[in-house]
$ cat model-v9.cif   # mmCIF, C-alpha atoms
data_work
loop_
_atom_site.label_atom_id
_atom_site.label_comp_id
_atom_site.auth_asym_id
_atom_site.auth_seq_id
_atom_site.Cartn_x
_atom_site.Cartn_y
_atom_site.Cartn_z
CA MET Z 1 -11.93 -11.20 13.33
CA PHE Z 2 -11.00 -7.57 12.71
CA GLY Z 3 -14.36 -5.95 11.89
CA SER Z 4 -18.02 -6.45 11.03
CA ASP Z 5 -17.13 -7.73 7.55
CA ALA Z 6 -14.77 -10.35 8.95
CA GLY Z 7 -17.27 -12.88 10.19
CA SER Z 8 -15.94 -15.72 8.07
CA TRP Z 9 -12.71 -17.54 8.90
CA MET Z 10 -11.36 -17.03 5.40
CA LEU Z 11 -11.57 -13.26 5.78
CA SER Z 12 -10.02 -13.58 9.21
CA LYS Z 13 -7.29 -15.83 7.84
CA ARG Z 14 -6.42 -13.31 5.12
CA ALA Z 15 -6.31 -10.61 7.79
CA VAL Z 16 -3.99 -12.81 9.82
CA VAL Z 17 -1.62 -13.20 6.88
CA GLY Z 18 -1.72 -9.48 6.17
CA VAL Z 19 -0.96 -8.64 9.78
CA VAL Z 20 1.57 -11.33 10.50
CA GLN Z 21 3.51 -10.22 7.45
CA ARG Z 22 4.54 -7.13 9.33
CA LEU Z 23 6.26 -7.34 12.64
CA ILE Z 24 9.45 -6.53 14.68
CA LEU Z 25 11.66 -4.21 16.72
CA CYS Z 26 15.15 -4.10 18.28
CA LEU Z 27 16.93 -2.53 21.27
CA ILE Z 28 20.57 -1.81 22.02
CA PRO Z 29 23.31 -1.00 24.69
CA LEU Z 30 26.87 0.03 24.72
CA HIS Z 31 29.41 0.81 27.34
CA LEU Z 32 31.86 3.57 28.11
CA SER Z 33 35.54 2.84 28.42
CA ALA Z 34 38.55 4.94 29.38
CA ALA Z 35 39.86 5.25 25.87
CA SER Z 36 42.04 8.37 25.80
CA ILE Z 37 44.28 10.49 28.03
CA ILE Z 38 43.35 14.08 28.82
CA TYR Z 39 46.61 14.78 30.68
CA SER Z 40 49.57 12.76 31.97
CA ASN Z 41 53.02 13.50 33.38
CA ILE Z 42 53.79 9.92 34.40
CA SER Z 43 54.91 6.78 32.62
CA GLY Z 44 54.56 3.07 33.19
CA THR Z 45 57.38 3.10 35.77
CA PHE Z 46 55.53 5.48 38.09
CA PRO Z 47 55.61 5.30 41.04
CA GLY Z 48 59.00 3.76 41.72
CA LYS Z 49 61.87 3.87 44.17
CA SER Z 50 63.69 6.29 41.89
CA VAL Z 51 61.01 8.85 42.74
CA SER Z 52 62.57 10.17 45.93
CA SER Z 53 61.10 13.63 46.45
CA GLN Z 54 57.72 14.13 48.11
CA TRP Z 55 56.08 17.20 49.52
CA THR Z 56 54.19 17.07 52.81
CA THR Z 57 51.77 19.32 54.63
CA THR Z 58 49.98 19.11 57.95
CA GLY Z 59 46.41 20.12 58.54
CA GLY Z 60 45.83 22.00 55.29
CA PHE Z 61 45.74 21.82 51.54
CA GLU Z 62 48.24 21.03 48.85
CA GLY Z 63 47.58 21.08 45.14
CA THR Z 64 48.94 21.27 41.66
CA THR Z 65 47.82 22.76 38.39
CA PHE Z 66 47.94 21.12 34.98
CA THR Z 67 46.93 22.14 31.49
CA ALA Z 68 44.79 19.56 29.70
CA THR Z 69 46.39 18.19 26.55
CA GLY Z 70 43.13 16.70 25.29
CA SER Z 71 39.39 17.20 25.55
CA GLY Z 72 36.84 14.75 26.89
CA ASN Z 73 34.56 13.72 29.74
CA LEU Z 74 36.59 12.63 32.76
CA ALA Z 75 36.61 8.89 33.47
CA SER Z 76 39.33 8.67 36.15
CA ILE Z 77 42.35 10.31 37.75
CA VAL Z 78 45.41 8.21 38.63
CA THR Z 79 48.00 9.35 41.16
CA ALA Z 80 50.04 8.04 44.12
CA VAL Z 81 49.67 9.33 47.69
CA SER Z 82 50.27 8.05 51.22
CA GLN Z 83 49.57 9.49 54.68
CA THR Z 84 50.61 9.16 58.30
CA SER Z 85 47.08 8.69 59.62
CA SER Z 86 44.87 5.69 58.95
CA THR Z 87 41.72 7.35 60.31
CA THR Z 88 41.78 10.75 58.61
CA PRO Z 89 40.37 10.60 55.09
CA ILE Z 90 42.06 12.57 52.35
CA THR Z 91 39.72 14.50 50.08
CA ALA Z 92 40.76 15.15 46.50
CA GLY Z 93 39.03 17.86 44.48
CA LEU Z 94 39.17 18.76 40.80
CA TYR Z 95 38.70 22.49 40.19
CA THR Z 96 38.71 24.93 37.33
CA ASP Z 97 41.35 27.66 37.36
CA PHE Z 98 40.26 31.14 38.44
CA TYR Z 99 43.09 33.68 38.08
CA SER Z 100 45.76 31.19 39.26
CA ALA Z 101 43.62 29.92 42.14
CA PRO Z 102 41.15 27.03 42.43
CA GLY Z 103 37.82 28.09 40.97
CA THR Z 104 34.69 25.97 40.49
CA LEU Z 105 34.70 22.50 42.06
CA LEU Z 106 34.00 19.98 39.30
CA GLU Z 107 34.11 16.78 41.37
CA SER Z 108 35.50 15.52 44.69
CA TRP Z 109 36.50 12.16 46.18
CA SER Z 110 37.09 10.89 49.72
CA ILE Z 111 39.93 8.43 49.29
CA PRO Z 112 41.45 5.77 51.53
CA VAL Z 113 45.21 5.83 50.95
CA ILE Z 114 48.07 3.75 52.33
CA GLN Z 115 49.39 4.67 55.80
CA THR Z 116 53.05 5.52 56.35
CA CYS Z 117 54.46 5.03 59.83
CA CYS Z 118 55.45 7.91 62.03
CA GLY Z 119 55.70 10.64 59.44
CA SER Z 120 58.60 9.08 57.57
CA LEU Z 121 58.68 8.19 53.91
CA PRO Z 122 57.78 4.60 53.07
CA ALA Z 123 60.57 2.30 51.94
CA SER Z 124 58.86 1.81 48.60
CA ALA Z 125 56.28 3.73 46.65
CA PRO Z 126 52.60 3.07 47.46
CA PRO Z 127 50.25 1.60 44.86
CA LEU Z 128 48.51 3.95 42.49
CA THR Z 129 45.24 5.47 43.64
CA THR Z 130 42.48 5.68 41.01
CA LEU Z 131 39.71 8.25 41.44
CA VAL Z 132 36.74 7.06 39.39
CA SER Z 133 34.52 9.85 38.08
CA ILE Z 134 30.79 9.73 38.70
CA VAL Z 135 29.97 13.21 37.39
CA HIS Z 136 32.11 12.92 34.21
CA PRO Z 137 32.84 16.67 33.86
CA LEU Z 138 33.90 17.86 30.41
CA LEU Z 139 37.52 19.06 30.29
CA SER Z 140 38.84 21.13 27.39
CA SER Z 141 42.25 20.94 25.77
CA GLY Z 142 44.50 23.93 26.55
CA LYS Z 143 42.65 24.93 29.73
CA LYS Z 144 44.22 24.92 33.22
CA TYR Z 145 42.74 22.88 36.08
CA TRP Z 146 43.58 22.18 39.73
CA LEU Z 147 43.88 18.89 41.62
CA VAL Z 148 43.85 19.67 45.37
CA LEU Z 149 44.30 17.38 48.39
CA THR Z 150 42.63 18.18 51.73
CA VAL Z 151 45.01 16.55 54.19
CA GLY Z 152 43.14 17.04 57.48
CA THR Z 153 44.31 18.20 60.92
CA GLY Z 154 47.28 16.35 62.39
CA ASN Z 155 47.92 14.37 59.26
CA THR Z 156 50.82 14.40 56.81
CA ALA Z 157 50.43 13.39 53.18
CA PHE Z 158 53.12 12.28 50.76
CA TRP Z 159 52.34 13.00 47.11
CA TRP Z 160 54.72 11.30 44.65
CA PHE Z 161 56.35 13.52 42.08
CA ASN Z 162 56.16 12.54 38.44
CA ASP Z 163 58.86 10.45 36.76
CA GLN Z 164 58.94 12.45 33.53
CA GLY Z 165 60.88 15.46 34.79
CA VAL Z 166 57.86 17.76 34.45
CA ASN Z 167 58.26 20.90 36.52
CA GLY Z 168 55.59 23.42 37.38
CA GLY Z 169 53.47 24.63 40.24
CA LEU Z 170 53.15 22.93 43.61
CA TRP Z 171 51.00 24.94 46.00
CA ILE Z 172 50.49 24.58 49.75
CA ASN Z 173 48.48 26.50 52.35
CA ASP Z 174 45.93 26.14 55.11
CA LYS Z 175 43.31 27.91 53.05
CA LEU Z 176 42.05 26.62 49.74
CA ALA Z 177 42.25 29.84 47.73
CA PRO Z 178 44.68 31.26 47.07
CA LEU Z 179 47.27 28.56 47.76
CA ASN Z 180 50.92 29.64 48.02
CA GLN Z 181 53.40 28.25 45.51
CA VAL Z 182 56.41 26.42 46.96
CA GLY Z 183 59.46 27.21 44.87
CA ASP Z 184 59.84 27.78 41.16
CA ASN Z 185 59.92 24.94 38.68
CA TYR Z 186 59.30 22.47 41.47
CA PRO Z 187 58.59 18.92 40.22
CA THR Z 188 54.82 18.49 40.04
CA PRO Z 189 53.01 15.49 41.50
CA GLY Z 190 52.42 12.60 39.15
CA ILE Z 191 48.86 12.50 37.82
CA GLN Z 192 47.09 11.10 34.80
CA LEU Z 193 43.55 11.94 33.69
CA ASN Z 194 41.64 9.54 31.46
CA SER Z 195 38.54 10.39 29.46
CA ASP Z 196 35.32 8.58 28.71
CA GLU Z 197 34.85 7.73 25.07
CA PRO Z 198 31.71 5.93 23.91
CA GLN Z 199 32.01 2.76 21.87
CA PRO Z 200 29.87 2.37 18.73
CA PRO Z 201 26.24 1.48 19.44
CA ALA Z 202 25.38 -2.20 19.68
CA ARG Z 203 22.06 -4.03 19.76
CA VAL Z 204 20.81 -4.75 23.31
CA GLY Z 205 17.46 -6.30 22.62
CA VAL Z 206 14.80 -7.08 20.07
CA LEU Z 207 11.10 -6.30 20.09
CA SER Z 208 9.52 -8.44 17.45
CA HIS Z 209 6.51 -6.50 16.15
CA ILE Z 210 5.52 -3.12 14.85
CA ALA Z 211 2.44 -2.54 12.73
CA ALA Z 212 1.21 0.90 11.72
CA GLY Z 213 -1.81 2.15 9.80
CA GLY Z 214 -5.00 0.63 8.43
CA GLY Z 215 -6.42 0.24 11.93
CA TRP Z 216 -3.13 -0.86 13.48
CA SER Z 217 -0.92 1.18 15.80
CA THR Z 218 2.15 0.43 17.88
CA VAL Z 219 3.54 2.18 20.94
CA VAL Z 220 7.15 1.50 21.87
CA THR Z 221 8.11 2.15 25.50
CA LEU Z 222 11.77 2.48 26.52
CA ALA Z 223 13.01 3.01 30.09
CA ASN Z 224 16.37 4.16 31.45
CA THR Z 225 16.77 2.62 34.91
CA SER Z 226 20.41 3.69 35.30
CA ALA Z 227 21.69 6.58 37.43
CA ALA Z 228 23.03 8.54 34.44
CA ALA Z 229 21.51 10.14 31.36
CA VAL Z 230 21.95 8.01 28.25
CA PRO Z 231 21.54 8.70 24.53
CA VAL Z 232 18.98 6.61 22.64
CA THR Z 233 18.35 6.20 18.91
CA VAL Z 234 15.46 4.18 17.49
CA ALA Z 235 15.76 3.40 13.76
CA LEU Z 236 12.83 1.86 11.87
CA HIS Z 237 13.26 -0.66 9.03
CA ASP Z 238 10.81 -2.26 6.63
CA ASP Z 239 10.56 -5.92 5.61
CA LEU Z 240 13.43 -5.53 3.13
CA GLY Z 241 15.71 -3.89 5.69
CA ASN Z 242 15.29 -0.39 4.26
CA ALA Z 243 14.55 2.71 6.34
CA LEU Z 244 10.85 2.91 7.18
CA THR Z 245 9.56 6.50 7.35
CA LEU Z 246 6.40 7.04 9.40
CA PRO Z 247 4.60 9.81 11.29
CA LEU Z 248 5.91 9.38 14.84
CA THR Z 249 4.74 10.92 18.10
CA THR Z 250 7.35 10.89 20.85
CA THR Z 251 6.45 11.58 24.48
CA GLN Z 252 9.19 12.27 27.01
CA GLN Z 253 8.84 13.78 30.49
CA GLY Z 254 5.37 15.09 29.69
CA VAL Z 255 6.28 16.70 26.35
CA SER Z 256 4.96 15.26 23.07
CA GLN Z 257 6.25 15.99 19.58
CA THR Z 258 5.12 14.66 16.20
CA THR Z 259 7.51 14.25 13.27
CA THR Z 260 7.74 12.19 10.09
CA ALA Z 261 10.98 10.25 10.16
CA ALA Z 262 12.61 6.83 10.04
CA SER Z 263 14.45 7.32 13.34
CA VAL Z 264 14.24 9.08 16.71
CA SER Z 265 17.30 10.28 18.64
CA THR Z 266 17.09 11.68 22.16
CA THR Z 267 18.61 11.53 25.65
CA LEU Z 268 16.88 9.65 28.45
CA ASN Z 269 17.43 11.07 31.92
CA PRO Z 270 17.77 8.67 34.88
CA ASN Z 271 14.57 6.75 35.69
CA THR Z 272 12.62 8.25 32.79
CA THR Z 273 10.73 6.72 29.89
CA LEU Z 274 10.36 7.39 26.18
CA LEU Z 275 7.18 6.57 24.25
CA ILE Z 276 7.09 6.38 20.45
CA SER Z 277 3.65 6.01 18.88
CA MET Z 278 3.08 5.16 15.23
CA GLY Z 279 0.17 4.25 12.98
CA ASP Z 280 -2.66 6.62 13.88
CA GLN Z 281 -2.06 8.84 10.83
CA VAL Z 282 -1.36 6.11 8.25
CA ALA Z 283 -4.15 4.94 5.92
CA SER Z 284 -2.66 1.62 4.79
CA THR Z 285 -1.00 -0.93 7.02
CA VAL Z 286 2.80 -1.00 6.98
CA VAL Z 287 5.07 -3.14 9.13
CA GLY Z 288 8.74 -3.63 9.96
CA TRP Z 289 11.18 -3.61 12.83
CA ALA Z 290 13.52 -1.18 14.56
CA ASP Z 291 17.01 -0.97 16.06
CA VAL Z 292 17.34 0.84 19.36
CA LEU Z 293 20.83 2.19 20.14
CA SER Z 294 22.16 3.37 23.49
CA THR Z 295 25.28 3.53 25.64
CA VAL Z 296 23.81 1.30 28.38
CA SER Z 297 21.19 -1.42 28.61
CA ILE Z 298 17.69 -0.11 27.98
CA GLY Z 299 14.49 -1.79 29.13
CA GLY Z 300 11.33 -1.76 27.13
CA TYR Z 301 8.51 -3.39 25.22
CA ALA Z 302 6.03 -2.63 22.43
CA ILE Z 303 2.25 -2.87 22.42
CA PHE Z 304 0.45 -3.27 19.09
CA ARG Z 305 -3.27 -2.50 18.85
CA TRP Z 306 -5.96 -3.39 16.33
CA THR Z 307 -8.91 -0.95 16.33
CA PRO Z 308 -11.81 -2.29 14.21
CA GLN Z 309 -14.53 -0.05 12.80
CA THR Z 310 -16.97 -1.78 15.13
CA GLY Z 311 -16.22 -3.68 18.30
CA SER Z 312 -13.55 -3.32 20.93
CA PRO Z 313 -9.84 -2.77 20.25
CA GLN Z 314 -7.43 -5.63 20.89
CA GLU Z 315 -3.79 -5.49 21.96
CA GLY Z 316 -0.72 -7.71 22.03
CA THR Z 317 2.59 -7.24 23.81
CA VAL Z 318 6.04 -7.67 22.29
CA PRO Z 319 8.56 -8.64 25.01
CA LEU Z 320 12.08 -7.31 24.87
CA GLN Z 321 14.37 -10.06 23.60
CA SER Z 322 17.84 -9.47 25.05
CA GLN Z 323 19.45 -12.55 23.50
CA PHE Z 324 20.25 -12.97 19.80
CA PRO Z 325 20.51 -16.69 19.14
CA SER Z 326 20.69 -18.43 15.80
CA THR Z 327 17.85 -20.73 16.92
CA PHE Z 328 14.55 -20.35 18.76
CA THR Z 329 11.44 -22.49 19.22
CA LEU Z 330 7.76 -21.58 18.94
CA PRO Z 331 5.00 -23.83 20.35
CA TYR Z 332 1.91 -23.88 18.12
CA ASP Z 333 -1.73 -24.99 18.30
CA ASN Z 334 -3.54 -25.13 14.97
CA THR Z 335 -6.56 -27.13 16.21
CA ALA Z 336 -10.20 -26.30 16.87
CA GLY Z 337 -10.12 -23.22 14.63
CA PHE Z 338 -7.03 -21.66 16.20
CA VAL Z 339 -4.14 -20.56 14.00
CA MET Z 340 -0.59 -19.69 14.99
CA GLY Z 341 1.31 -17.01 13.09
CA VAL Z 342 4.98 -16.12 13.35
CA ALA Z 343 7.16 -13.09 12.59
CA LEU Z 344 10.87 -13.50 11.89
CA ALA Z 345 13.51 -10.78 12.03
CA ASN Z 346 16.91 -11.39 10.46
CA LEU Z 347 19.40 -9.55 12.69
CA SER Z 348 22.25 -10.12 10.24
CA VAL Z 349 23.49 -7.60 7.69
CA SER Z 350 23.41 -10.40 5.10
CA SER Z 351 20.41 -12.39 3.85
CA ALA Z 352 19.55 -15.51 5.81
CA ASN Z 353 18.05 -18.90 5.05
CA ILE Z 354 16.02 -19.83 8.12
CA THR Z 355 15.22 -23.52 8.43
CA ALA Z 356 11.91 -24.38 10.10
CA THR Z 357 11.83 -27.90 11.58
CA MET Z 358 8.38 -29.08 12.70
CA TRP Z 359 7.28 -31.59 15.35
CA ASP Z 360 3.85 -32.67 16.57
CA ASP Z 361 2.93 -32.80 20.25
CA SER Z 362 4.08 -36.43 20.49
CA GLY Z 363 7.61 -35.50 19.39
CA ASN Z 364 7.30 -36.87 15.86
CA GLU Z 365 9.22 -34.86 13.28
CA LEU Z 366 6.90 -33.61 10.53
CA GLY Z 367 9.57 -32.24 8.20
CA SER Z 368 11.53 -29.07 7.55
CA GLN Z 369 11.66 -26.28 4.99
CA THR Z 370 13.59 -23.07 4.40
CA VAL Z 371 12.38 -19.48 4.60
CA GLU Z 372 14.58 -16.75 3.08
CA VAL Z 373 14.72 -13.38 4.85
CA ALA Z 374 16.47 -10.28 3.48
CA ALA Z 375 19.46 -8.69 5.16
CA SER Z 376 18.21 -6.82 8.25
CA GLY Z 377 14.78 -7.80 7.02
CA HIS Z 378 11.62 -9.39 8.26
CA THR Z 379 8.92 -11.80 7.16
CA SER Z 380 5.74 -13.21 8.66
CA PHE Z 381 3.14 -15.85 7.88
CA ASP Z 382 0.56 -18.16 9.42
CA LEU Z 383 1.95 -21.63 10.00
CA PRO Z 384 -0.77 -23.78 8.33
CA SER Z 385 -0.38 -21.90 5.02
CA THR Z 386 3.43 -21.84 4.81
CA LEU Z 387 4.37 -24.81 7.00
CA GLN Z 388 1.54 -27.07 5.88
CA PRO Z 389 2.50 -30.15 7.99
CA THR Z 390 1.47 -28.14 11.08
CA ALA Z 391 -2.16 -27.73 9.88
CA GLY Z 392 -4.64 -29.22 12.31
CA LYS Z 393 -1.92 -30.17 14.79
CA ARG Z 394 -0.21 -29.06 17.98
CA GLY Z 395 3.54 -29.10 18.53
CA ILE Z 396 6.67 -27.00 18.17
CA VAL Z 397 8.62 -25.40 15.32
CA THR Z 398 12.33 -24.66 15.64
CA PHE Z 399 13.67 -21.81 13.49
CA GLN Z 400 17.42 -21.82 12.79
CA SER Z 401 19.25 -19.09 10.86
CA THR Z 402 22.39 -19.66 8.80
CA ALA Z 403 23.48 -16.02 8.97
CA THR Z 404 25.80 -14.46 11.57
CA GLY Z 405 23.98 -12.02 13.84
CA GLY Z 406 21.03 -14.04 15.07
CA VAL Z 407 17.31 -14.18 14.53
CA ALA Z 408 14.33 -12.93 16.52
CA GLY Z 409 10.71 -13.94 16.49
CA LEU Z 410 7.23 -13.57 17.90
CA GLY Z 411 4.16 -15.79 17.74
CA LEU Z 412 0.60 -14.57 17.21
CA ARG Z 413 -2.30 -16.85 18.14
CA PHE Z 414 -5.58 -16.13 16.35
CA SER Z 415 -8.82 -17.65 17.64
CA PRO Z 416 -12.13 -18.53 15.95
CA PHE Z 417 -13.73 -15.92 18.25
CA ASN Z 418 -12.16 -12.99 16.35
CA THR Z 419 -9.52 -12.42 19.03
CA PHE Z 420 -5.73 -12.69 19.08
CA THR Z 421 -2.85 -12.69 21.51
CA SER Z 422 0.94 -12.59 21.27
CA VAL Z 423 3.04 -15.65 22.13
CA PRO Z 424 6.71 -15.45 23.22
CA THR Z 425 9.30 -17.74 21.71
CA ILE Z 426 11.59 -20.14 23.62
CA ILE Z 427 15.34 -19.47 23.55
CA GLY Z 428 18.10 -21.76 24.75
CA GLN Z 429 16.22 -25.04 24.87
#

$ encode --input "model-v9.cif" --output "structure tokens"
Amino acid sequence: MFGSDAGSWMLSKRAVVGVVQRLILCLIPLHLSAASIIYSNISGTFPGKSVSSQWTTTGGFEGTTFTATGSGNLASIVTAVSQTSSTTPITAGLYTDFYSAPGTLLESWSIPVIQTCCGSLPASAPPLTTLVSIVHPLLSSGKKYWLVLTVGTGNTAFWWFNDQGVNGGLWINDKLAPLNQVGDNYPTPGIQLNSDEPQPPARVGVLSHIAAGGGWSTVVTLANTSAAAVPVTVALHDDLGNALTLPLTTTQQGVSQTTTAASVSTTLNPNTTLLISMGDQVASTVVGWADVLSTVSIGGYAIFRWTPQTGSPQEGTVPLQSQFPSTFTLPYDNTAGFVMGVALANLSVSSANITATMWDDSGNELGSQTVEVAASGHTSFDLPSTLQPTAGKRGIVTFQSTATGGVAGLGLRFSPFNTFTSVPTIIGQ
């Protein structure tokens, strides 16, 4: 099956067992949440009727400075504004400070805000306006910044003062820089800045096969289809769940680098891919699986290749499994010289007893038996050898794990013609 010396089925069968005892890979997303406050001069009662003082301007700019009390990437700005015009958009801009004037523009927003009739103050405070950051600029604790409103010609804006008694600068002018300060210790507008803070990485998918060395190689392909750059870490594990160190060649945006490691950490730019190749420099075959960590969902797959000394190479594809059930089903066909193999990955941090329940193609139950898999580990075997009731039959096998965290799997179908192909499992049926 795998070379000129593998003409007999027994040699092929031993090769199957050796290969199928080495398979699997995992992927992973996480999400950003507004988890901390960079600056705030408002409380939960803001805005309210007790906030009675607003500053207005017509056809120009008004702004305020603040000094960040924390560091982080901006997630959102919360404030409260209203205007007399319903057609003129208000633009809000976040700037650095440059000698007490607005400096570099970090991000801007065009915001629809509530209309106030006829230039008079509304009877009650408007709802809060939230400016959601797309750029996520990094703000540093102790540094001064500007939040500036562009009011527009013929329009009057009302910007609610804070409810915490915080005084400071309120600037107004018809030119952006420098703005002119209105009064000393004037109550500053109420604003709160929230920061992005990444949650711990979490698994987003599973690729159920890696094999490296001894004629086998695997290439993992990951793709970032989001509009933002995302960090990615791929950590390799062996059958026992330990770190698996291999020579790895990573290719990203046309640049390749070879290292020997058990993990790869990088940043994927929008709409780019990462390739990780393993196995070409390893003499003996080793197998395992890998966790892939990121802050958003990552797409991907793995392709494993067998290159015999004579004959043509063969490849199989490992689909990305984005669900982590405790149960999955694998159809099998062990007739006419075909043999089905299976790889199991225990996604739990504790060891798992995985029960395999077998049926023939008429729906008759053939029996069940238990396979033990190490914590974060992996095992593989051909069905006729380990699950003997399936020998010479067609049907399905359902694998059910007792451990919390789920299980992943991949089928491998070996033919009497010295060829093989990968077979996906069935989840949720």

$ closest_residue --input "model-v9.cif" --among "Z:Gly241, Z:Gly103, Z:Gly70, Z:Pro389" --to "Glu365 of chain Z" --atoms "only C-alpha atoms"
Z:Pro389

$ resolve_selection --input "model-v9.cif" --expression "the PyMOL selection byres ((chain Z and resi 38) around 12)" --output "PyMOL selection string"
chain Z and resi 34-37+39-41+66-78+137-145+191-197

$ closest_residue --input "model-v9.cif" --among "Z:Ser284, Z:Ser350, Z:Ser256, Z:Ser376" --to "Ala235 of chain Z" --atoms "only C-alpha atoms"
Z:Ser376

$ resolve_selection --input "model-v9.cif" --expression "the PyMOL selection byres ((chain Z and resi 269) around 8)" --output "PyMOL selection string"
chain Z and resi 224+228-230+267-268+270-272

$ atom_distance --input "model-v9.cif" --atom1 "atom CA of Ala202 of chain Z" --atom2 "atom CA of Gln323 of chain Z"
12.5 Å

$ residues_around --input "model-v9.cif" --residues "Pro331 of chain Z" --least-positions-apart "5" --cutoff "7 Å" --atoms "all atoms listed in the file" --output "PDB file with C-alpha atoms, keeping the file's coordinate frame"
ATOM      1  CA  GLY Z 395       3.540 -29.100  18.530  1.00  0.00           C
ATOM      2  CA  ILE Z 396       6.670 -27.000  18.170  1.00  0.00           C
ATOM      3  CA  VAL Z 397       8.620 -25.400  15.320  1.00  0.00           C
TER       4      VAL Z 397
END
